[in-house]
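What follows is the content of protein.csv (CSV, C-alpha atoms and all ligand atoms).
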```csv
chain,number,residue,atom,x,y,z
A,1,MET,CA,0.0,0.0,0.0
A,2,TYR,CA,2.8,2.4,0.9
A,3,ARG,CA,4.5,1.7,-2.5
A,4,LYS,CA,1.3,2.2,-4.4
A,5,SER,CA,0.4,5.5,-2.6
A,6,LEU,CA,4.0,6.9,-3.2
A,7,THR,CA,3.6,6.1,-6.9
A,8,ALA,CA,0.3,7.8,-7.0
A,9,LEU,CA,1.6,10.8,-5.3
A,10,SER,CA,4.5,11.1,-7.6
A,11,LYS,CA,2.1,11.1,-10.6
A,12,SER,CA,-0.2,13.6,-8.9
A,13,GLY,CA,2.4,16.4,-9.3
A,14,ALA,CA,3.1,16.9,-5.5
A,15,VAL,CA,6.6,15.5,-6.0
A,16,ALA,CA,7.2,17.3,-9.3
A,17,GLU,CA,6.9,20.6,-7.4
A,18,ILE,CA,10.2,20.0,-5.7
A,19,ASN,CA,12.0,19.7,-9.1
A,20,PRO,CA,14.7,22.5,-8.8
A,21,HIS,CA,14.7,23.1,-12.5
A,22,ARG,CA,11.1,23.9,-12.4
A,23,VAL,CA,11.6,26.3,-9.5
A,24,HIS,CA,14.5,28.0,-11.3
A,25,ASP,CA,12.2,28.7,-14.3
A,26,PHE,CA,10.1,31.3,-12.4
A,27,CYS,CA,12.3,32.3,-9.4
A,28,ARG,CA,15.3,34.6,-9.4
A,29,PRO,CA,18.5,32.8,-8.2
A,30,ALA,CA,18.6,34.9,-5.0
A,31,VAL,CA,15.2,33.4,-3.7
A,32,ALA,CA,15.4,30.1,-5.5
A,33,ASN,CA,16.9,28.2,-2.6
A,34,TYR,CA,14.4,29.6,-0.1
A,35,ALA,CA,11.5,28.8,-2.5
A,36,PHE,CA,12.8,25.4,-3.1
A,37,SER,CA,13.2,24.7,0.6
A,38,THR,CA,9.6,25.8,1.4
A,39,MET,CA,8.1,23.9,-1.5
A,40,LYS,CA,10.0,20.8,-0.5
A,41,LYS,CA,8.6,21.0,3.0
A,42,ILE,CA,5.1,21.5,1.7
A,43,ALA,CA,5.5,18.6,-0.7
A,44,LEU,CA,6.9,16.3,2.1
A,45,ALA,CA,4.0,17.3,4.4
A,46,THR,CA,1.5,16.4,1.6
A,47,ILE,CA,3.2,13.0,1.2
A,48,ILE,CA,3.2,12.3,4.9
A,49,ALA,CA,-0.4,13.3,5.3
A,50,GLY,CA,-1.3,10.9,2.4
A,51,LEU,CA,0.6,8.0,3.9
A,52,VAL,CA,-1.1,8.5,7.3
A,53,ALA,CA,-4.5,8.6,5.7
A,54,THR,CA,-3.7,5.5,3.7
A,55,SER,CA,-2.4,3.5,6.6
A,56,SER,CA,-5.3,4.2,8.9
A,57,ALA,CA,-7.7,3.3,6.1
A,58,THR,CA,-5.8,0.1,5.4
A,59,ALA,CA,-6.0,-1.0,9.1
A,60,SER,CA,-9.7,-1.6,8.9
A,61,ALA,CA,-10.0,-2.4,5.2
A,62,VAL,CA,-11.1,-6.1,5.6
A,63,PRO,CA,-13.8,-6.6,8.2
A,64,LEU,CA,-13.6,-9.9,10.2
A,65,VAL,CA,-17.0,-11.2,11.2
A,66,GLY,CA,-17.1,-13.9,13.8
A,67,GLY,CA,-13.4,-13.5,14.8
A,68,GLY,CA,-13.9,-14.5,18.4
A,69,GLY,CA,-13.4,-18.2,18.9
A,70,LEU,CA,-11.2,-18.9,15.8
A,71,THR,CA,-8.5,-21.6,16.3
A,72,PRO,CA,-4.9,-20.4,16.1
A,73,ASN,CA,-4.5,-21.6,12.5
A,74,ALA,CA,-7.7,-19.9,11.4
A,75,ARG,CA,-6.7,-16.7,13.1
A,76,ALA,CA,-3.3,-16.7,11.6
A,77,LEU,CA,-4.8,-17.3,8.1
A,78,ALA,CA,-7.3,-14.5,8.6
A,79,GLN,CA,-4.5,-12.1,9.6
A,80,TYR,CA,-2.4,-13.2,6.6
A,81,ILE,CA,-5.3,-12.7,4.1
A,82,THR,CA,-6.1,-9.3,5.6
A,83,ALA,CA,-2.5,-8.1,5.3
A,84,THR,CA,-1.9,-9.6,1.9
A,85,TYR,CA,-5.1,-9.0,0.0
A,86,PRO,CA,-6.7,-5.6,0.8
A,87,GLY,CA,-9.2,-6.2,-2.0
A,88,VAL,CA,-11.0,-8.8,0.0
A,89,ARG,CA,-14.5,-7.6,1.0
A,90,SER,CA,-14.7,-9.3,4.3
A,91,ILE,CA,-13.9,-12.6,6.2
A,92,GLY,CA,-16.4,-14.7,8.0
A,93,GLY,CA,-15.4,-17.0,10.8
A,94,VAL,CA,-17.4,-18.4,13.6
A,95,ARG,CA,-21.2,-18.8,13.0
A,96,PRO,CA,-23.9,-21.4,13.4
A,97,ASP,CA,-23.9,-24.0,10.6
A,98,SER,CA,-25.2,-27.5,10.0
A,99,ARG,CA,-21.6,-28.6,9.4
A,100,PRO,CA,-19.0,-28.4,12.3
A,101,ASP,CA,-16.3,-26.3,10.5
A,102,HIS,CA,-17.6,-22.8,11.2
A,103,PRO,CA,-19.1,-23.3,14.7
A,104,SER,CA,-15.8,-24.8,15.8
A,105,GLY,CA,-13.8,-21.9,14.6
A,106,ARG,CA,-11.8,-23.9,12.1
A,107,ALA,CA,-13.3,-22.3,8.9
A,108,LEU,CA,-13.1,-19.0,7.1
A,109,ASP,CA,-15.2,-17.6,4.3
A,110,ILE,CA,-13.1,-15.2,2.3
A,111,MET,CA,-15.5,-12.9,0.4
A,112,ILE,CA,-14.1,-11.6,-2.9
A,113,GLY,CA,-17.3,-10.1,-4.4
A,114,SER,CA,-17.2,-10.7,-8.2
A,115,ASP,CA,-13.4,-10.5,-8.5
A,116,MET,CA,-12.8,-14.1,-9.7
A,117,GLY,CA,-9.2,-13.4,-10.5
A,118,LEU,CA,-8.6,-12.4,-6.9
A,119,GLY,CA,-10.4,-15.6,-5.7
A,120,ASP,CA,-8.2,-17.7,-8.0
A,121,ALA,CA,-5.1,-16.0,-6.7
A,122,ILE,CA,-6.1,-16.4,-3.0
A,123,ASN,CA,-7.2,-20.0,-3.4
A,124,ALA,CA,-3.9,-20.9,-5.1
A,125,ASP,CA,-1.9,-19.0,-2.5
A,126,ILE,CA,-3.7,-20.8,0.4
A,127,GLN,CA,-3.2,-24.2,-1.1
A,128,SER,CA,0.5,-23.5,-1.7
A,129,GLN,CA,0.8,-22.7,2.0
A,130,ALA,CA,-1.3,-25.5,3.3
A,131,GLY,CA,1.5,-26.7,5.7
A,132,ARG,CA,1.9,-23.2,7.2
A,133,PHE,CA,-1.7,-22.8,8.1
A,134,GLY,CA,-2.8,-26.4,8.5
A,135,VAL,CA,-5.2,-26.3,5.6
A,136,GLU,CA,-7.4,-29.3,5.3
A,137,TYR,CA,-9.4,-28.2,2.2
A,138,THR,CA,-10.7,-25.2,0.3
A,139,MET,CA,-14.0,-24.8,-1.6
A,140,TRP,CA,-13.8,-22.4,-4.6
A,141,ARG,CA,-15.7,-22.3,-7.9
A,142,VAL,CA,-18.1,-25.1,-6.8
A,143,ALA,CA,-21.8,-24.8,-5.9
A,144,SER,CA,-22.5,-21.7,-3.8
A,145,HIS,CA,-18.7,-20.8,-3.7
A,146,PHE,CA,-18.3,-18.3,-6.5
A,147,ASP,CA,-18.2,-15.2,-4.4
A,148,HIS,CA,-16.1,-16.6,-1.5
A,149,ILE,CA,-13.4,-19.1,-0.8
A,150,HIS,CA,-14.2,-21.5,2.1
A,151,VAL,CA,-11.2,-22.7,3.9
A,152,THR,CA,-11.1,-25.4,6.7
A,153,VAL,CA,-7.9,-25.7,8.8
A,154,GLY,CA,-6.9,-28.3,11.3
B,1,ZN,ZN,-17.7,-21.5,4.8
```
In structure tokens, how does this file's structure come out?
Amino acid sequence: MYRKSLTALSKSGAVAEINPHRVHDFCRPAVANYAFSTMKKIALATIIAGLVATSSATASAVPLVGGGGLTPNARALAQYITATYPGVRSIGGVRPDSRPDHPSGRALDIMIGSDMGLGDAINADIQSQAGRFGVEYTMWRVASHFDHIHVTVG
């Protein structure tokens, strides 16, 4: 996220303002240094404000519903998904169900909306790290599992 926002800021023109050649175009040499210094401070303040806003928005970007009562593996997987895939809509954990996976805190539903590419990437990533998170199985692109990936961990 930090890298993305820095790139966006540099394209927005905030960074371009600290270009000394541009300052020199419309400032006399005697004031160029002062103007450059002031503009640099303003540009830095703009960048820092943008980063603070981005990081506080990122902290709550993926809601976790039913996080209380998750097993350690399920909790670790939920934290990993939240940190790695900010495009995830939400993650569902503990809830009543006819099957034991969700009530026991061993299952997550990772909601991806209609972004099937994101679902494909997450499903492949989870399967490739099955050992790390104790993954027993995932359900993706099967009946009723086109808008979320179901994961059961041990
Ligand atoms: Zn599920």
Please provide the set of residues having any atom within 9 Å of Pro72 of chain A, restricted to all atoms listed in the file, with same-chain residues fewer than 3 positions apart removed, written as a ChimeraX atom specification. /A:75-77,106,133
Please list as a PyMOL selection string every residue within 12 Å of Asn73 of chain A, counting all atoms listed in the file and excluding residues in the same chain fewer than 2 positions away. chain A and resi 69-71+75-80+93+105-108+129-136+151-154
Within 10 Å of ligand ZN 1 (chain B), counting all atoms listed in the file, which protein or nucleic acid residues do you find, written as an MDAnalysis selection string? chainID A and resid 91:95 97 99 101:102 106:111 138:139 144:145 148:152
Using all atoms listed in the file, which residues sit within 12 Å of Thr84 of chain A once same-chain residues fewer than 4 positions away are excluded, as an mmCIF file with C-alpha atoms, in the coordinates of the input?
```cif
data_model
loop_
_atom_site.group_PDB
_atom_site.id
_atom_site.type_symbol
_atom_site.label_atom_id
_atom_site.label_comp_id
_atom_site.auth_asym_id
_atom_site.auth_seq_id
_atom_site.Cartn_x
_atom_site.Cartn_y
_atom_site.Cartn_z
ATOM 1 C CA MET A 1 0.000 0.000 0.000
ATOM 2 C CA THR A 58 -5.800 0.100 5.400
ATOM 3 C CA ALA A 59 -6.000 -1.000 9.100
ATOM 4 C CA ALA A 61 -10.000 -2.400 5.200
ATOM 5 C CA VAL A 62 -11.100 -6.100 5.600
ATOM 6 C CA LEU A 77 -4.800 -17.300 8.100
ATOM 7 C CA ALA A 78 -7.300 -14.500 8.600
ATOM 8 C CA GLN A 79 -4.500 -12.100 9.600
ATOM 9 C CA TYR A 80 -2.400 -13.200 6.600
ATOM 10 C CA VAL A 88 -11.000 -8.800 0.000
ATOM 11 C CA LEU A 118 -8.600 -12.400 -6.900
ATOM 12 C CA ALA A 121 -5.100 -16.000 -6.700
ATOM 13 C CA ILE A 122 -6.100 -16.400 -3.000
ATOM 14 C CA ASP A 125 -1.900 -19.000 -2.500
ATOM 15 C CA ILE A 126 -3.700 -20.800 0.400
#
```
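Distances to Gly67 of chain A were evaluated for A:Gln127, A:Ser114, A:Ser98, A:Ser104 using all atoms listed in the file, and the minimum falls at A:Ser104.
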Ranking A:Leu64, A:Phe146, A:Pro100, A:Asp115 by minimum distance to Ile81 of chain A and counting only C-alpha atoms, which one comes first? A:Leu64
By how many Å are atom CA of Val65 of chain A and atom CA of Ala83 of chain A apart? 16.0 Å
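The two atoms in question, atom CA of Pro96 of chain A and atom CA of Gly117 of chain A, are spaced 29.2 Å apart.
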Please indicate the distance in Å from atom CA of Pro63 of chain A to atom CA of Arg141 of chain A, rounded to one decimal place. 22.6 Å
Which residue of A:Val142, A:Arg89, A:Thr82, A:Ala74 approaches Ile112 of chain A most closely, using only C-alpha atoms: A:Arg89
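Of the listed residues (A:Asn123, A:Pro103, A:Gly66, A:Met116), A:Gly66 comes nearest to Ser90 of chain A; the distances count all atoms listed in the file.
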